[in-house]
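Enquirer: A single structure is presented below for examination.
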Amino acid sequence: MKFVKRDGTPLMLISRKSKSLMTQRKKPAKLTWTLRWRIMNKKGKVEEGLKKRSRRAVKVQRAIMGKSADEIKKLKAQKPEIRSAQREAALREVKDRQKADKAKKMQQKASTTQGGKPNVPKQTKAFNKNARGGSKR
């Protein structure tokens with residue numbers, strides 16, 4: 001069956017069914033009996049059924065935050081006991097530093113109260129948190 005489009009291109013259709021589907025603007029890729037659908041869904045052609053071998057991505061260790069790749073590999077190779085001991089030592093060091101800073105601040109505070117005016121808290125006017133504001137007349 002020959003069909004001519006509006007732009008003048010002639011089409012050879014195999015049946016009234018294909019002409020009907022074309023005029024309804026049905027996509028050939030959605031009709032299971034068409035060649036277009038078979039190509040889209042990789043049907044047929046058994047001899048090309050051999051799977052292509054995909055190459056596995058090789059993991060590469062990169063440097064992170066100032067540590068080189070060699071240092072990171074050494075850290076990974078260490079036993080967990082050694083790593084935990086190093087972590088505890090670092091935490092202890094940080095806590096000691098914080099204690100020293102706190103003691104220094106306390107000493108400075110004590111020296112300012114002794115040298116200057118005595119540290120007396122200011123008298124504040126007592127107020128009730130739950131009281132409502134007075135009448136606004």
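Naming scheme: A, B, ... for chains in displayed order of the structure tokens; residues 1 onward per chain; ligands 1 onward as shown.
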Would you pick out the contacts of A:Leu13 at 12 Å or less, using only C-alpha atoms, so that residues sharing its chain but fewer than 3 positions from it are not included, and give the list as a list in words?
Expert: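 So, after excluding close chain neighbours, the residues are Met1, Lys2, Phe3, Val4, Pro10, Arg16, Lys17, Ser18, Lys19, Ser20, Leu21, Met22 and Thr23 of chain A.
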Enquirer: Just to be explicit: take each residue in the selection above, keep N, CA and C atoms, and write the result as an mmCIF file, in the first residue's frame.
Expert:
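Writing done, so here's again17.cif:
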```cif
data_model
loop_
_atom_site.group_PDB
_atom_site.id
_atom_site.type_symbol
_atom_site.label_atom_id
_atom_site.label_comp_id
_atom_site.auth_asym_id
_atom_site.auth_seq_id
_atom_site.Cartn_x
_atom_site.Cartn_y
_atom_site.Cartn_z
ATOM 1 N N MET A 1 0.850 -1.163 0.000
ATOM 2 C CA MET A 1 0.000 0.000 0.000
ATOM 3 C C MET A 1 0.905 1.238 0.000
ATOM 4 N N LYS A 2 0.681 2.145 -0.945
ATOM 5 C CA LYS A 2 1.508 3.338 -1.055
ATOM 6 C C LYS A 2 0.773 4.502 -0.394
ATOM 7 N N PHE A 3 1.544 5.293 0.399
ATOM 8 C CA PHE A 3 0.968 6.444 1.083
ATOM 9 C C PHE A 3 1.902 7.630 0.886
ATOM 10 N N VAL A 4 1.345 8.781 0.571
ATOM 11 C CA VAL A 4 2.172 9.978 0.348
ATOM 12 C C VAL A 4 1.875 10.977 1.465
ATOM 13 N N PRO A 10 6.902 9.713 -0.362
ATOM 14 C CA PRO A 10 6.079 8.507 -0.495
ATOM 15 C C PRO A 10 6.513 7.437 0.508
ATOM 16 N N ARG A 16 -2.914 -2.412 6.052
ATOM 17 C CA ARG A 16 -3.827 -1.370 6.505
ATOM 18 C C ARG A 16 -3.567 -1.075 7.996
ATOM 19 N N LYS A 17 -3.163 -2.112 8.728
ATOM 20 C CA LYS A 17 -2.846 -1.970 10.154
ATOM 21 C C LYS A 17 -1.722 -0.959 10.360
ATOM 22 N N SER A 18 -0.654 -1.081 9.577
ATOM 23 C CA SER A 18 0.485 -0.163 9.721
ATOM 24 C C SER A 18 0.090 1.253 9.313
ATOM 25 N N LYS A 19 -0.797 1.365 8.293
ATOM 26 C CA LYS A 19 -1.256 2.698 7.872
ATOM 27 C C LYS A 19 -2.085 3.339 8.983
ATOM 28 N N SER A 20 -2.966 2.555 9.590
ATOM 29 C CA SER A 20 -3.811 3.050 10.675
ATOM 30 C C SER A 20 -2.967 3.535 11.850
ATOM 31 N N LEU A 21 -1.966 2.741 12.237
ATOM 32 C CA LEU A 21 -1.103 3.112 13.362
ATOM 33 C C LEU A 21 -0.269 4.353 13.040
ATOM 34 N N MET A 22 0.149 4.475 11.781
ATOM 35 C CA MET A 22 0.933 5.650 11.386
ATOM 36 C C MET A 22 0.073 6.912 11.444
ATOM 37 N N THR A 23 -1.157 6.837 10.953
ATOM 38 C CA THR A 23 -2.023 8.021 10.973
ATOM 39 C C THR A 23 -2.419 8.394 12.408
#
```
Enquirer: If we count only C-alpha atoms and set the cut-off at 9 Å, which residues sit around A:Ile72, ignoring sequence neighbours fewer than 5 positions away in its own chain? Please answer as a list in words.
Expert: Gln61, Arg62, Ala63, Ile64, Lys67 and Ala77 of chain A
Enquirer: Go ahead and write the residues just picked, all heavy atoms, as a short mmCIF file (atom, residue, chain, number, x, y, z; two decimals), in the first residue's frame.
Expert:
```cif
data_model
loop_
_atom_site.label_atom_id
_atom_site.label_comp_id
_atom_site.auth_asym_id
_atom_site.auth_seq_id
_atom_site.Cartn_x
_atom_site.Cartn_y
_atom_site.Cartn_z
N GLN A 61 44.55 5.47 45.66
CA GLN A 61 44.57 6.23 46.91
C GLN A 61 45.18 7.60 46.63
O GLN A 61 46.25 7.70 46.05
CB GLN A 61 45.40 5.48 47.95
CG GLN A 61 45.32 6.06 49.33
CD GLN A 61 43.96 5.89 49.95
OE1 GLN A 61 43.41 4.81 49.93
NE2 GLN A 61 43.42 6.95 50.49
N ARG A 62 44.47 8.65 47.04
CA ARG A 62 44.97 10.01 46.84
C ARG A 62 45.28 10.65 48.17
O ARG A 62 44.79 10.23 49.21
CB ARG A 62 43.91 10.86 46.13
CG ARG A 62 43.65 10.42 44.72
CD ARG A 62 42.90 11.50 43.98
NE ARG A 62 42.27 10.95 42.80
CZ ARG A 62 40.98 10.96 42.58
NH1 ARG A 62 40.17 11.53 43.42
NH2 ARG A 62 40.48 10.43 41.49
N ALA A 63 46.05 11.70 48.12
CA ALA A 63 46.40 12.43 49.33
C ALA A 63 45.18 13.20 49.82
O ALA A 63 44.40 13.72 49.04
CB ALA A 63 47.54 13.39 49.06
N ILE A 64 45.00 13.24 51.15
CA ILE A 64 43.85 13.94 51.74
C ILE A 64 44.35 14.85 52.85
O ILE A 64 45.08 14.41 53.75
CB ILE A 64 42.84 12.94 52.34
CG1 ILE A 64 42.36 11.98 51.26
CG2 ILE A 64 41.67 13.66 52.96
CD1 ILE A 64 41.57 10.82 51.78
N LYS A 67 47.99 14.88 54.08
CA LYS A 67 48.65 13.59 54.28
C LYS A 67 48.86 12.94 52.92
O LYS A 67 47.95 12.90 52.11
CB LYS A 67 47.80 12.68 55.16
CG LYS A 67 47.78 13.10 56.60
CD LYS A 67 47.34 11.97 57.47
CE LYS A 67 47.44 12.39 58.91
NZ LYS A 67 47.45 11.27 59.81
N ALA A 77 47.51 0.12 57.44
CA ALA A 77 48.21 -1.14 57.72
C ALA A 77 48.44 -1.35 59.22
O ALA A 77 48.67 -2.47 59.66
CB ALA A 77 49.54 -1.18 56.98
#
```
Enquirer: So that I can check the secondary structure, give me every residue of stretch 2-123 of chain A assigned helix (DSSP H, G or I) by backbone DSSP, as JSON, numbers by chain.
Expert: {"A": [16, 17, 18, 19, 20, 21, 22, 23, 28, 29, 30, 35, 36, 37, 38, 39, 40, 46, 47, 48, 69, 70, 71, 72, 73, 74, 75, 76, 77, 80, 81, 82, 83, 84, 85, 86, 87, 88, 89, 90, 91, 92, 93, 94, 95, 96, 97, 98, 99, 100, 101, 102, 103, 104, 105, 106, 107, 108, 109, 110, 111, 112, 113, 114, 115]}
Enquirer: Quick one: pick out all strand (DSSP E) residues within chain A from a backbone DSSP run and write them as a list of chain:residue names.
Expert: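 Here is the list: A:Lys2, A:Phe3, A:Val4, A:Pro10, A:Leu11, A:Met12.
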Enquirer: Emit the selected residues as a PDB file, in the first residue's frame, including N, CA, C and O atoms.
Expert:
```pdb
ATOM      1  N   LYS A   2       0.681   2.145  -0.945  1.00  0.00           N
ATOM      2  CA  LYS A   2       1.508   3.338  -1.055  1.00  0.00           C
ATOM      3  C   LYS A   2       0.773   4.502  -0.394  1.00  0.00           C
ATOM      4  O   LYS A   2      -0.442   4.664  -0.572  1.00  0.00           O
ATOM      5  N   PHE A   3       1.544   5.293   0.399  1.00  0.00           N
ATOM      6  CA  PHE A   3       0.968   6.444   1.083  1.00  0.00           C
ATOM      7  C   PHE A   3       1.902   7.630   0.886  1.00  0.00           C
ATOM      8  O   PHE A   3       3.125   7.464   1.003  1.00  0.00           O
ATOM      9  N   VAL A   4       1.345   8.781   0.571  1.00  0.00           N
ATOM     10  CA  VAL A   4       2.172   9.978   0.348  1.00  0.00           C
ATOM     11  C   VAL A   4       1.875  10.977   1.465  1.00  0.00           C
ATOM     12  O   VAL A   4       0.724  11.334   1.701  1.00  0.00           O
ATOM     13  N   PRO A  10       6.902   9.713  -0.362  1.00  0.00           N
ATOM     14  CA  PRO A  10       6.079   8.507  -0.495  1.00  0.00           C
ATOM     15  C   PRO A  10       6.513   7.437   0.508  1.00  0.00           C
ATOM     16  O   PRO A  10       7.697   7.278   0.785  1.00  0.00           O
ATOM     17  N   LEU A  11       5.552   6.724   1.076  1.00  0.00           N
ATOM     18  CA  LEU A  11       5.832   5.648   2.020  1.00  0.00           C
ATOM     19  C   LEU A  11       5.191   4.370   1.504  1.00  0.00           C
ATOM     20  O   LEU A  11       4.065   4.385   1.010  1.00  0.00           O
ATOM     21  N   MET A  12       5.908   3.268   1.607  1.00  0.00           N
ATOM     22  CA  MET A  12       5.365   1.963   1.250  1.00  0.00           C
ATOM     23  C   MET A  12       4.974   1.277   2.552  1.00  0.00           C
ATOM     24  O   MET A  12       5.823   0.981   3.390  1.00  0.00           O
TER      25      MET A  12
END
```
Enquirer: Expressed in Å to a single decimal, how great is the separation between atom CA of A:Gly66 and atom CA of A:Gln86?
Expert: 18.7 Å
Enquirer: Find the distance between atom CA of A:Gln24 and atom CA of A:Gly44 and write it in Å to one decimal.
Expert: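 Separation between atom CA of A:Gln24 and atom CA of A:Gly44: 27.7 Å.
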